[in-house]
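Shown here: query-v8.cif, mmCIF, C-alpha atoms and all ligand atoms.
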data_query
#
loop_
_atom_site.label_atom_id
_atom_site.label_comp_id
_atom_site.auth_asym_id
_atom_site.auth_seq_id
_atom_site.Cartn_x
_atom_site.Cartn_y
_atom_site.Cartn_z
CA MET A 1 3.63 15.13 4.69
CA SER A 2 1.76 18.02 6.16
CA LEU A 3 -1.98 18.21 6.58
CA GLU A 4 -1.88 21.78 7.83
CA VAL A 5 -3.23 23.25 4.65
CA PHE A 6 -6.65 21.79 5.43
CA ASP A 7 -6.57 22.36 9.15
CA TYR A 8 -7.86 25.91 9.42
CA MET A 9 -8.64 26.73 13.06
CA GLY A 10 -9.28 23.07 13.88
CA ALA A 11 -12.00 22.69 11.23
CA PHE A 12 -10.27 19.58 9.93
CA ASP A 13 -11.08 17.84 13.23
CA LYS A 14 -14.78 18.48 12.68
CA ARG A 15 -14.87 17.12 9.14
CA PRO A 16 -17.62 14.50 9.00
CA THR A 17 -15.64 12.32 6.61
CA TYR A 18 -12.71 10.40 8.06
CA ALA A 19 -10.75 7.18 7.83
CA GLU A 20 -10.60 5.19 11.02
CA ILE A 21 -7.35 3.24 11.37
CA ASP A 22 -7.42 0.31 13.78
CA LEU A 23 -3.86 -0.14 15.04
CA ASN A 24 -4.82 -3.29 16.93
CA ALA A 25 -5.80 -4.87 13.62
CA LEU A 26 -2.47 -3.77 12.14
CA ARG A 27 -0.57 -5.41 15.02
CA HIS A 28 -2.71 -8.53 14.67
CA ASN A 29 -1.93 -8.79 10.95
CA LEU A 30 1.79 -8.38 11.56
CA ALA A 31 1.73 -11.08 14.22
CA ILE A 32 -0.18 -13.49 11.95
CA ILE A 33 2.16 -12.89 9.01
CA ARG A 34 5.26 -13.24 11.16
CA GLU A 35 4.11 -16.53 12.55
CA PHE A 36 3.28 -17.76 9.06
CA VAL A 37 6.66 -16.88 7.51
CA ALA A 38 8.95 -17.57 10.50
CA PRO A 39 11.92 -17.65 10.61
CA SER A 40 11.93 -15.24 7.64
CA LYS A 41 12.17 -11.56 8.50
CA VAL A 42 9.44 -9.06 7.61
CA MET A 43 9.82 -5.75 5.78
CA ALA A 44 6.54 -3.79 5.75
CA SER A 45 5.70 -2.03 2.50
CA ILE A 46 4.37 1.36 3.62
CA LYS A 47 4.82 3.43 0.46
CA ALA A 48 2.13 5.86 -0.72
CA ASN A 49 1.22 7.16 2.72
CA GLY A 50 1.18 3.68 4.21
CA TYR A 51 -1.33 2.54 1.56
CA GLY A 52 -3.53 5.43 2.68
CA HIS A 53 -3.28 4.54 6.37
CA GLY A 54 -0.83 7.35 7.19
CA LEU A 55 2.91 6.94 6.71
CA GLU A 56 4.23 7.96 10.09
CA ARG A 57 1.69 6.45 12.48
CA THR A 58 1.76 3.16 10.59
CA ALA A 59 5.56 3.07 10.64
CA LEU A 60 5.85 3.87 14.34
CA CYS A 61 3.22 1.29 15.24
CA LEU A 62 5.02 -1.41 13.25
CA GLN A 63 8.42 -0.42 14.62
CA GLU A 64 7.09 -0.66 18.17
CA ALA A 65 5.60 -4.06 17.37
CA GLY A 66 9.10 -5.22 16.43
CA ILE A 67 9.05 -5.35 12.63
CA ASP A 68 12.50 -5.86 11.07
CA SER A 69 12.46 -3.12 8.44
CA LEU A 70 10.33 -0.86 6.26
CA GLY A 71 10.10 -0.41 2.50
CA VAL A 72 8.98 2.75 0.69
CA ALA A 73 8.95 3.88 -2.92
CA TYR A 74 10.70 7.26 -2.77
CA ILE A 75 13.54 8.81 -0.77
CA GLU A 76 11.21 11.60 0.48
CA GLU A 77 9.10 8.99 2.24
CA ALA A 78 12.18 7.52 3.89
CA ILE A 79 13.37 10.93 5.11
CA ALA A 80 9.91 11.68 6.56
CA LEU A 81 10.19 8.40 8.47
CA ARG A 82 13.65 9.21 9.85
CA ALA A 83 12.33 12.64 10.90
CA CYS A 84 9.50 11.09 12.94
CA GLY A 85 11.71 8.68 14.85
CA VAL A 86 12.04 5.55 12.73
CA THR A 87 15.42 3.95 13.50
CA ILE A 88 15.10 0.51 11.88
CA PRO A 89 16.37 -0.07 8.32
CA ILE A 90 14.35 1.55 5.52
CA LEU A 91 14.72 0.43 1.90
CA VAL A 92 13.66 2.63 -1.01
CA PHE A 93 12.31 0.32 -3.75
CA GLY A 94 12.36 2.87 -6.53
CA GLY A 95 14.92 3.76 -9.18
CA LEU A 96 17.76 6.06 -8.25
CA LEU A 97 18.69 9.39 -9.77
CA LYS A 98 22.23 10.54 -9.18
CA ASP A 99 21.59 13.77 -7.35
CA GLN A 100 19.40 11.99 -4.78
CA LEU A 101 22.14 9.72 -3.57
CA GLU A 102 23.69 11.93 -0.90
CA LEU A 103 20.26 12.05 0.78
CA TYR A 104 20.24 8.27 1.12
CA ILE A 105 23.64 8.19 2.73
CA LYS A 106 23.01 11.20 4.95
CA HIS A 107 19.76 9.73 6.31
CA ASP A 108 21.05 6.18 6.54
CA VAL A 109 18.53 4.82 4.04
CA ASP A 110 19.09 1.58 2.12
CA VAL A 111 19.52 2.07 -1.62
CA THR A 112 18.21 -0.16 -4.39
CA ALA A 113 21.10 -0.66 -6.82
CA SER A 114 19.60 -1.58 -10.16
CA SER A 115 22.54 -1.48 -12.60
CA VAL A 116 26.33 -1.68 -12.68
CA SER A 117 26.70 2.05 -13.33
CA LYS A 118 24.34 3.00 -10.51
CA LEU A 119 26.24 0.71 -8.17
CA GLU A 120 29.56 2.30 -9.17
CA HIS A 121 28.07 5.72 -8.55
CA ILE A 122 26.83 4.66 -5.12
CA ASP A 123 30.29 3.37 -4.26
CA ALA A 124 32.03 6.52 -5.47
CA THR A 125 29.63 8.80 -3.58
CA ALA A 126 30.02 6.84 -0.34
CA ALA A 127 33.81 7.04 -0.75
CA ARG A 128 33.67 10.79 -1.32
CA LEU A 129 31.51 11.31 1.79
CA GLY A 130 33.71 9.02 3.87
CA ARG A 131 30.66 6.85 4.66
CA ARG A 132 29.39 3.38 3.84
CA ALA A 133 26.26 2.85 1.74
CA ARG A 134 23.78 0.08 2.59
CA VAL A 135 22.64 -1.52 -0.66
CA HIS A 136 20.07 -4.04 -1.90
CA LEU A 137 20.82 -5.37 -5.39
CA LYS A 138 17.78 -5.60 -7.65
CA ILE A 139 17.42 -8.51 -10.05
CA ASP A 140 14.74 -8.46 -12.75
CA THR A 141 13.21 -11.92 -13.14
CA GLY A 142 10.35 -10.98 -15.45
CA LEU A 143 8.69 -7.68 -14.53
CA GLU A 144 10.88 -5.67 -16.94
CA ARG A 145 10.85 -2.74 -14.53
CA ILE A 146 14.05 -1.72 -12.73
CA GLY A 147 16.81 -4.23 -12.06
CA VAL A 148 19.43 -6.24 -13.88
CA HIS A 149 18.13 -9.18 -15.95
CA HIS A 150 18.55 -12.50 -14.18
CA TYR A 151 20.37 -13.85 -17.25
CA SER A 152 23.05 -11.17 -17.14
CA SER A 153 23.53 -10.64 -13.43
CA ASP A 154 27.07 -12.05 -13.02
CA PRO A 155 28.86 -8.78 -14.00
CA PHE A 156 26.49 -6.92 -11.63
CA PHE A 157 27.48 -9.22 -8.78
CA GLU A 158 31.15 -8.78 -9.75
CA ALA A 159 30.72 -5.00 -9.48
CA ALA A 160 29.11 -5.51 -6.05
CA LEU A 161 32.11 -7.55 -4.91
CA LYS A 162 34.40 -4.70 -5.98
CA ALA A 163 32.35 -1.92 -4.34
CA LYS A 164 34.50 -1.32 -1.28
CA HIS A 165 32.31 1.38 0.25
CA CYS A 166 29.03 -0.53 -0.03
CA ASP A 167 27.54 -3.06 2.37
CA VAL A 168 25.34 -5.34 0.31
CA VAL A 169 22.65 -6.17 2.87
CA GLY A 170 20.18 -7.73 0.45
CA VAL A 171 19.47 -9.04 -3.04
CA TYR A 172 15.88 -8.96 -4.24
CA SER A 173 13.39 -9.36 -7.04
CA HIS A 174 9.66 -8.72 -7.47
CA PHE A 175 6.80 -10.79 -8.87
CA ALA A 176 5.28 -9.66 -12.17
CA ASP A 177 1.84 -10.92 -11.23
CA ALA A 178 1.14 -8.95 -8.05
CA ASP A 179 -1.97 -10.95 -7.13
CA ILE A 180 -0.56 -14.23 -8.48
CA ASN A 181 -3.33 -15.38 -10.76
CA ASN A 182 -0.64 -17.34 -12.49
CA PRO A 183 1.43 -19.35 -9.98
CA GLU A 184 3.51 -20.85 -12.79
CA LEU A 185 4.98 -17.45 -13.65
CA ALA A 186 5.76 -16.77 -9.99
CA LYS A 187 7.47 -20.16 -9.69
CA LEU A 188 9.50 -19.48 -12.81
CA GLN A 189 10.57 -16.08 -11.45
CA LEU A 190 11.58 -17.65 -8.15
CA GLU A 191 13.68 -20.27 -9.98
CA ARG A 192 15.34 -17.59 -12.08
CA PHE A 193 16.11 -15.58 -8.96
CA LEU A 194 17.59 -18.52 -7.06
CA SER A 195 19.71 -19.60 -9.97
CA ALA A 196 21.06 -16.07 -10.58
CA LEU A 197 21.85 -15.80 -6.86
CA ARG A 198 24.15 -18.82 -6.87
CA TYR A 199 27.00 -16.83 -8.38
CA TYR A 200 26.89 -14.28 -5.60
CA GLU A 201 26.25 -16.77 -2.80
CA ASP A 202 29.48 -18.55 -3.71
CA ARG A 203 31.51 -15.34 -3.56
CA SER A 204 29.88 -12.89 -1.13
CA PRO A 205 32.16 -12.14 1.85
CA ARG A 206 29.19 -11.80 4.22
CA PRO A 207 25.60 -12.96 4.64
CA PHE A 208 22.79 -11.00 2.96
CA LEU A 209 19.00 -11.16 2.79
CA ARG A 210 17.33 -12.74 -0.23
CA HIS A 211 13.75 -11.49 -0.73
CA ILE A 212 11.06 -11.67 -3.41
CA ALA A 213 7.59 -12.22 -1.86
CA ASN A 214 4.84 -9.59 -1.66
CA SER A 215 1.47 -10.39 -0.01
CA ALA A 216 0.27 -12.76 -2.72
CA GLY A 217 3.67 -14.47 -2.81
CA ILE A 218 3.55 -14.98 0.95
CA MET A 219 0.12 -16.60 0.71
CA THR A 220 0.53 -18.72 -2.41
CA LEU A 221 4.15 -19.77 -2.56
CA LYS A 222 5.81 -20.76 0.70
CA GLU A 223 9.13 -21.43 -1.04
CA SER A 224 9.27 -17.74 -1.88
CA HIS A 225 9.58 -16.59 1.73
CA LEU A 226 13.40 -16.95 1.63
CA ASP A 227 15.17 -14.74 4.24
CA MET A 228 12.63 -11.92 4.24
CA VAL A 229 9.14 -11.09 2.92
CA ARG A 230 7.72 -7.69 1.90
CA PRO A 231 3.98 -7.59 2.67
CA GLY A 232 1.97 -4.46 1.93
CA LEU A 233 -1.71 -5.11 1.30
CA SER A 234 -2.01 -8.05 3.72
CA LEU A 235 -0.60 -6.03 6.63
CA TYR A 236 -3.54 -3.69 6.14
CA GLY A 237 -5.91 -6.64 6.31
CA VAL A 238 -6.80 -6.76 2.64
CA TYR A 239 -6.55 -9.92 0.51
CA PRO A 240 -4.84 -9.71 -2.87
CA GLY A 241 -7.45 -12.00 -4.43
CA GLY A 242 -10.12 -14.56 -3.72
CA GLY A 243 -9.49 -17.82 -1.91
CA TYR A 244 -6.76 -16.68 0.47
CA GLU A 245 -9.02 -16.39 3.54
CA SER A 246 -8.15 -19.90 4.64
CA VAL A 247 -4.39 -19.24 4.42
CA LEU A 248 -4.15 -16.21 6.69
CA SER A 249 -6.83 -14.68 8.86
CA ILE A 250 -6.10 -10.97 8.62
CA LYS A 251 -8.35 -8.12 9.74
CA PRO A 252 -9.16 -4.93 7.81
CA VAL A 253 -7.39 -1.92 9.34
CA LEU A 254 -9.15 0.96 7.58
CA SER A 255 -12.79 2.05 7.65
CA LEU A 256 -14.08 5.01 5.65
CA LYS A 257 -16.94 6.91 7.28
CA SER A 258 -18.95 10.06 6.83
CA GLN A 259 -22.32 11.55 7.78
CA VAL A 260 -25.58 12.38 6.09
CA VAL A 261 -25.55 16.09 5.34
CA TYR A 262 -28.83 16.40 3.39
CA PHE A 263 -32.07 14.47 2.85
CA LYS A 264 -34.63 14.82 0.08
CA VAL A 265 -37.35 12.94 -1.73
CA VAL A 266 -36.61 12.44 -5.41
CA LYS A 267 -39.68 12.05 -7.61
CA ARG A 268 -40.10 9.07 -9.93
CA GLY A 269 -38.25 9.66 -13.21
CA ALA A 270 -36.00 12.47 -11.94
CA GLY A 271 -32.31 12.22 -12.90
CA VAL A 272 -29.78 12.37 -10.09
CA SER A 273 -26.33 14.05 -10.18
CA TYR A 274 -24.23 15.24 -13.12
CA GLY A 275 -25.23 13.80 -16.46
CA HIS A 276 -28.35 12.13 -15.03
CA THR A 277 -26.80 8.68 -15.28
CA TRP A 278 -29.42 7.40 -12.83
CA HIS A 279 -33.17 8.07 -12.69
CA ALA A 280 -35.42 7.32 -9.73
CA PRO A 281 -37.59 4.29 -10.61
CA GLU A 282 -40.22 5.52 -8.13
CA ASP A 283 -40.44 8.23 -5.48
CA VAL A 284 -37.40 7.55 -3.29
CA ARG A 285 -35.47 9.09 -0.44
CA VAL A 286 -31.97 10.21 -1.37
CA VAL A 287 -29.28 11.46 1.00
CA THR A 288 -26.22 13.51 0.16
CA VAL A 289 -22.87 12.76 1.81
CA PRO A 290 -19.73 14.97 1.82
CA LEU A 291 -17.34 12.56 0.10
CA GLY A 292 -16.24 12.64 -3.54
CA TYR A 293 -13.53 11.86 -6.02
CA GLY A 294 -11.67 14.93 -4.73
CA ASP A 295 -11.10 12.88 -1.57
CA GLY A 296 -10.13 9.81 -3.56
CA TYR A 297 -13.51 8.04 -3.62
CA LEU A 298 -13.27 7.23 -7.30
CA ARG A 299 -15.68 8.60 -9.88
CA ALA A 300 -15.63 5.11 -11.37
CA LEU A 301 -17.67 4.08 -8.32
CA SER A 302 -20.64 6.10 -9.68
CA ASN A 303 -23.69 3.77 -9.59
CA LYS A 304 -21.38 1.00 -8.28
CA GLY A 305 -20.33 1.94 -4.75
CA SER A 306 -22.51 1.38 -1.73
CA ALA A 307 -22.95 2.67 1.79
CA ILE A 308 -24.21 1.36 5.13
CA ILE A 309 -26.61 3.60 7.05
CA ARG A 310 -28.37 2.43 10.23
CA GLY A 311 -27.23 -1.12 9.51
CA GLN A 312 -28.71 -1.22 5.96
CA ARG A 313 -26.70 -1.31 2.76
CA TYR A 314 -27.75 1.10 0.00
CA PRO A 315 -26.38 1.99 -3.46
CA VAL A 316 -24.46 5.11 -4.43
CA VAL A 317 -26.58 6.56 -7.26
CA GLY A 318 -25.63 8.90 -10.09
CA ARG A 319 -22.16 10.27 -10.67
CA VAL A 320 -19.83 10.67 -7.74
CA CYS A 321 -19.12 14.44 -7.67
CA MET A 322 -15.83 16.00 -6.63
CA ASP A 323 -16.94 16.65 -3.05
CA GLN A 324 -20.36 15.03 -2.63
CA LEU A 325 -22.27 11.94 -3.59
CA MET A 326 -25.81 10.66 -3.33
CA VAL A 327 -27.15 7.44 -1.79
CA ASN A 328 -30.58 6.00 -2.55
CA ILE A 329 -32.16 4.80 0.68
CA GLY A 330 -35.40 3.85 -1.07
CA GLN A 331 -38.11 3.87 1.59
CA GLY A 332 -35.49 3.55 4.37
CA GLU A 333 -34.79 5.97 7.15
CA ALA A 334 -31.91 8.38 7.62
CA TYR A 335 -31.41 11.76 9.26
CA ASN A 336 -28.87 14.52 9.03
CA GLY A 337 -25.82 13.55 11.04
CA ASP A 338 -26.35 9.77 10.67
CA GLU A 339 -23.16 7.80 10.18
CA VAL A 340 -22.50 6.53 6.64
CA ILE A 341 -19.95 3.74 6.13
CA PHE A 342 -18.29 3.37 2.72
CA ILE A 343 -15.59 0.90 3.77
CA GLY A 344 -16.08 -1.12 6.93
CA LYS A 345 -18.84 -2.93 8.74
CA SER A 346 -21.91 -2.35 10.81
CA GLY A 347 -24.09 -5.16 12.11
CA ASP A 348 -24.25 -7.88 9.48
CA GLU A 349 -23.29 -5.61 6.61
CA ARG A 350 -19.72 -5.18 5.43
CA ILE A 351 -18.19 -3.28 2.52
CA SER A 352 -14.63 -4.37 1.86
CA VAL A 353 -11.84 -2.78 -0.13
CA GLU A 354 -11.78 -5.99 -2.16
CA ASP A 355 -15.50 -5.51 -3.08
CA LEU A 356 -14.91 -1.97 -4.29
CA ALA A 357 -11.86 -2.99 -6.30
CA SER A 358 -13.65 -5.81 -8.07
CA ALA A 359 -16.72 -3.61 -8.76
CA ILE A 360 -14.57 -1.30 -10.86
CA ASP A 361 -12.00 -3.80 -12.07
CA THR A 362 -8.96 -2.43 -10.28
CA THR A 363 -6.65 -3.58 -7.49
CA PRO A 364 -7.42 -3.07 -3.80
CA HIS A 365 -4.11 -1.18 -3.65
CA GLU A 366 -5.54 1.59 -5.82
CA ILE A 367 -8.71 1.99 -3.76
CA LEU A 368 -6.61 2.52 -0.62
CA VAL A 369 -3.78 4.72 -1.85
CA LEU A 370 -6.08 7.19 -3.60
CA LEU A 371 -7.77 8.17 -0.31
CA ASN A 372 -6.00 11.49 0.01
CA GLN A 373 -4.91 14.12 2.50
CA ARG A 374 -8.36 15.72 2.56
CA ILE A 375 -9.56 12.82 4.68
CA PRO A 376 -8.49 13.01 8.34
CA ARG A 377 -7.11 9.77 9.76
CA ILE A 378 -8.39 8.87 13.21
CA TYR A 379 -6.28 6.25 15.00
CA VAL A 380 -7.83 3.79 17.45
CA GLY A 381 -6.16 1.07 19.50
C1 LIG B 1 4.56 -2.52 -3.19
C2 LIG B 1 5.61 -3.52 -3.12
C3 LIG B 1 5.48 -4.64 -2.27
C4 LIG B 1 4.22 -4.97 -1.50
O1 LIG B 1 3.22 -5.51 -2.34
P1 LIG B 1 1.78 -6.01 -1.80
O2 LIG B 1 1.14 -6.61 -2.99
O3 LIG B 1 1.07 -4.77 -1.34
O4 LIG B 1 2.03 -6.94 -0.69
C5 LIG B 1 6.57 -5.48 -2.16
N1 LIG B 1 7.71 -5.25 -2.86
C6 LIG B 1 7.85 -4.20 -3.70
C7 LIG B 1 9.13 -4.00 -4.45
C8 LIG B 1 6.81 -3.31 -3.86
O5 LIG B 1 6.95 -2.27 -4.70
#

Re-express the file's structure as C-alpha cells.
Amino acid sequence: MSLEVFDYMGAFDKRPTYAEIDLNALRHNLAIIREFVAPSKVMASIKANGYGHGLERTALCLQEAGIDSLGVAYIEEAIALRACGVTIPILVFGGLLKDQLELYIKHDVDVTASSVSKLEHIDATAARLGRRARVHLKIDTGLERIGVHHYSSDPFFEAALKAKHCDVVGVYSHFADADINNPELAKLQLERFLSALRYYEDRSPRPFLRHIANSAGIMTLKESHLDMVRPGLSLYGVYPGGGYESVLSIKPVLSLKSQVVYFKVVKRGAGVSYGHTWHAPEDVRVVTVPLGYGDGYLRALSNKGSAIIRGQRYPVVGRVCMDQLMVNIGQGEAYNGDEVIFIGKSGDERISVEDLASAIDTTPHEILVLLNQRIPRIYVG
C-alpha cells in the first residue's frame, strides 16, 4: 500500500498531522495476551492497514516478537505482507472468489473454505497447480455471514476429508456480538461450534487448530480460547467495551497529533464552521488545526470531539471540515505550532479511542481503521 502519492519532495514528512505508533506498547499487549491465553496460540488480526496502525510495520513487529500467525481480510493484504518479508502463516478471513485462488496458493496464504463447492474448487486448483492448499474451514454459529451452518456441517467435513490436495490446518467460527454485550449468545455459539466439531475430530487424520475468540471473547469467555485466539483491537491497546480493564492491562498503541496552524478571537454570537452549528457564547479564542474528515477524523465528531493543547482539554467546535477543524480554547493559551492531541495523553488528560467511539455511538474499530493514508505514521520504540 503505497503512500508515495502524498510524498511530494518529502513534504509528507513535514505534515503537522501524524499518528504516532508505539511499538513497545504493541509488544507489551502481545505479551500480556499470550500469557493470559497460554497455551493457546495467537493469530493477530491486522486487516484494514493493521487497524490503522500500518499493515507492514505492525506485521513485522509482531512476527519478530514471535506471534504464531496473522489474519487479514483480503488476499491483497496477505500478498503485501509476503512481499515485505512475513514468513509465518497468514489466513485470509474473507470470502473467496474463484479467480483469486491461484494467488493464495502461489503466495502460500491460508484460505478460508466456507462451503462444499468452494472447498472442491480449492482442491481442484491445488491439484492442477501440483501444490497443496492450506485451508481453515469456516463454520457459521450465528453471525449469518460466510461459513457453513453449524447444523449442516457434516457434509462439509466429509468434503474436507476427501480433499486430497488440501491440508486442513484449522476450523473456526466468529462471534456475532463483537463486543460481547450478551455473553449468553457467545456461550451458545461456542457450544454450537464444539458440538459441530465433534464429527470432524473423530475422523480427521491429523491435528488442526480450533479457534473462535476475538478480543472480547478472549476477555469474557476463557472457555473460548481453544487452540488459538484472534485478537485485533486488544493488541492495539483498545478495550472492546467497559469493565475489561481489570481482566487485561493493555496499553494504547496509537496517538493522533497535529499542530495549531491558526489563532483568532471569535466574537460572542458568531457562528463557527460550515452551517454554523456552533455559536460562540462569549468572546473566545479559537484555533484551527489541519485535520479533517478527509483524513478519517469523522465529521460525526463535529461538536463532540476534543483536543489536548498545553495539557488542557478543549472541545472541537462547529463542523469538522474535510481538511481542517476548529477548537475552542476559551480564554486559554495556544500559539501557532503548538502540539494538539486528538487521541492520546498529555499530563493528566487523556483522550481514548473508546471515548471517541462512545461519543458518536460507533465501535472503536471504526475510529481506528478510518484514519487514512493521508496521515503519516511515525513509529517509536
Ligand atoms: C476482525 C476479526 C477478528 C478480530 O476482532 P477484534 O474484535 O478486533 O479482536 C477476529 N476474527 C475475525 C474473523 C475477524 O474478522

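Here CA of Arg132 in chain A is placed at a distance of 15.8 Å from CA of Phe208 in chain A.
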
If we count only C-alpha atoms, what is near Gln312 in chain A at a cut-off of 9 Å, once residues fewer than 4 positions away on the same chain are taken out, given as a PDB file with C-alpha atoms, in the coordinates of the input?
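File written: around28.pdb
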ATOM      1  CA  ALA A 307     -22.950   2.670   1.790  1.00  0.00           C
ATOM      2  CA  ILE A 308     -24.210   1.360   5.130  1.00  0.00           C
ATOM      3  CA  ILE A 329     -32.160   4.800   0.680  1.00  0.00           C
ATOM      4  CA  GLY A 332     -35.490   3.550   4.370  1.00  0.00           C
ATOM      5  CA  SER A 346     -21.910  -2.350  10.810  1.00  0.00           C
ATOM      6  CA  GLY A 347     -24.090  -5.160  12.110  1.00  0.00           C
ATOM      7  CA  ASP A 348     -24.250  -7.880   9.480  1.00  0.00           C
ATOM      8  CA  GLU A 349     -23.290  -5.610   6.610  1.00  0.00           C
TER       9      GLU A 349
END

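Inspection of the environment of ligand LIG 1 (chain B), which uses all atoms listed in the file and a cut-off of 6 Å, identifies the neighbouring residues as Ser45, Phe93, His174, Ala178, Asn214, Ser215, Arg230, Pro231, Gly232 and Leu233 of chain A.
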
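Comparing A:Gly311, A:Gly66, A:Gly95, A:Gly271 by their smallest distance to Glu339 in chain A, the closest is A:Gly311 (using only C-alpha atoms).
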
**Study point:** Contacts of range 141-155 of chain A within 7 Å, all atoms listed in the file, excl. fewer than 6 positions in-chain, as JSON, numbers by chain
**Key:** {"A": [95, 114, 115, 173, 175, 176, 189, 192, 193, 196, 199]}

Per residue of range 189-280 of chain A within 12 Å of range 57-63 of chain A, note the shortest atom pair and the distance in Å to one decimal, counting only C-alpha atoms, and order the rows by chain and increasing residue number, as CSV.
residue,atom,partner,partner_atom,distance
A:Gly232,CA,A:Thr58,CA,11.5
A:Leu235,CA,A:Leu62,CA,9.8
A:Tyr236,CA,A:Thr58,CA,9.7
A:Val253,CA,A:Thr58,CA,10.5
A:Leu254,CA,A:Thr58,CA,11.5

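Within the 8 Å cut-off around Met219 in chain A, using all atoms listed in the file and omitting residues fewer than 4 positions from it on the same chain, the listed residues are A:Ser215, A:Tyr244, A:Val247, A:Leu248.
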
**Study point:** Which residue of A:Asp295, A:Phe156, A:Ile180, A:His279 approaches Gly243 in chain A most closely, using all atoms listed in the file
**Key:** A:Ile180

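For the pair CA of Ala19 in chain A and CA of Gly330 in chain A, the separation is 26.4 Å.
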
Check your understanding: Please, what distance in Å, to one decimal, runs between CA of Gly344 in chain A and CA of Glu35 in chain A?
Key -> 26.0 Å

Put the listed atoms of range 311-323 of chain A in a box along x, y and z with 3 Å added on every side and give me the centre and edge lengths in Å to one decimal, as lines of an AutoDock Vina configuration file.
center_x = -22.3
center_y = 7.7
center_z = -0.6
size_x = 18.9
size_y = 24.0
size_z = 26.2

Point to revise | Non-local contacts of Ile75 in chain A (10 Å; all atoms listed in the file; under 5 positions in same chain excluded) as a list of chain:residue names | key: A:Ala80, A:Leu81, A:Ile90, A:Leu91, A:Val92, A:Phe93, A:Gly94, A:Gly95, A:Leu96, A:Gln100, A:Leu101, A:Leu103, A:Tyr104, A:His107, A:Val109, A:Asp110, A:Val111

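Around the coordinate (-22.2, 2.3, -9.4), residues that reach within 12 Å when counting only C-alpha atoms are Thr277, Trp278, Tyr297, Leu298, Arg299, Ala300, Leu301, Ser302, Asn303, Lys304, Gly305, Ser306, Ala307, Tyr314, Pro315, Val316, Val317, Gly318, Arg319, Val320, Leu325, Met326, Val327, Asn328, Leu356, Ser358, Ala359 and Ile360 of chain A.
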
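Each of A:Gly296, A:Gly52, A:Gly381, A:Pro252 was checked against His365 in chain A using all atoms listed in the file; the smallest atom-to-atom distance is that of A:Gly52.
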
Exercise for review: Considering all atoms listed in the file, return as a ChimeraX atom specification whatever protein or nucleic-acid residues lie within 8 Å of range 255-263 of chain A, sequence-local ones (same chain, fewer than 3 positions apart) excluded.
Suggested key: /A:16-21,252,285-291,334-345

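When only C-alpha atoms are used to compute distances to Glu333 in chain A, the closest of the residues A:Val272, A:Leu23, A:Leu370, A:Val265 turns out to be A:Val265.
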
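Closest to Ile218 in chain A among A:Asn372, A:Gln324, A:Ser40, A:Ser204 is A:Ser40, based on only C-alpha atoms.
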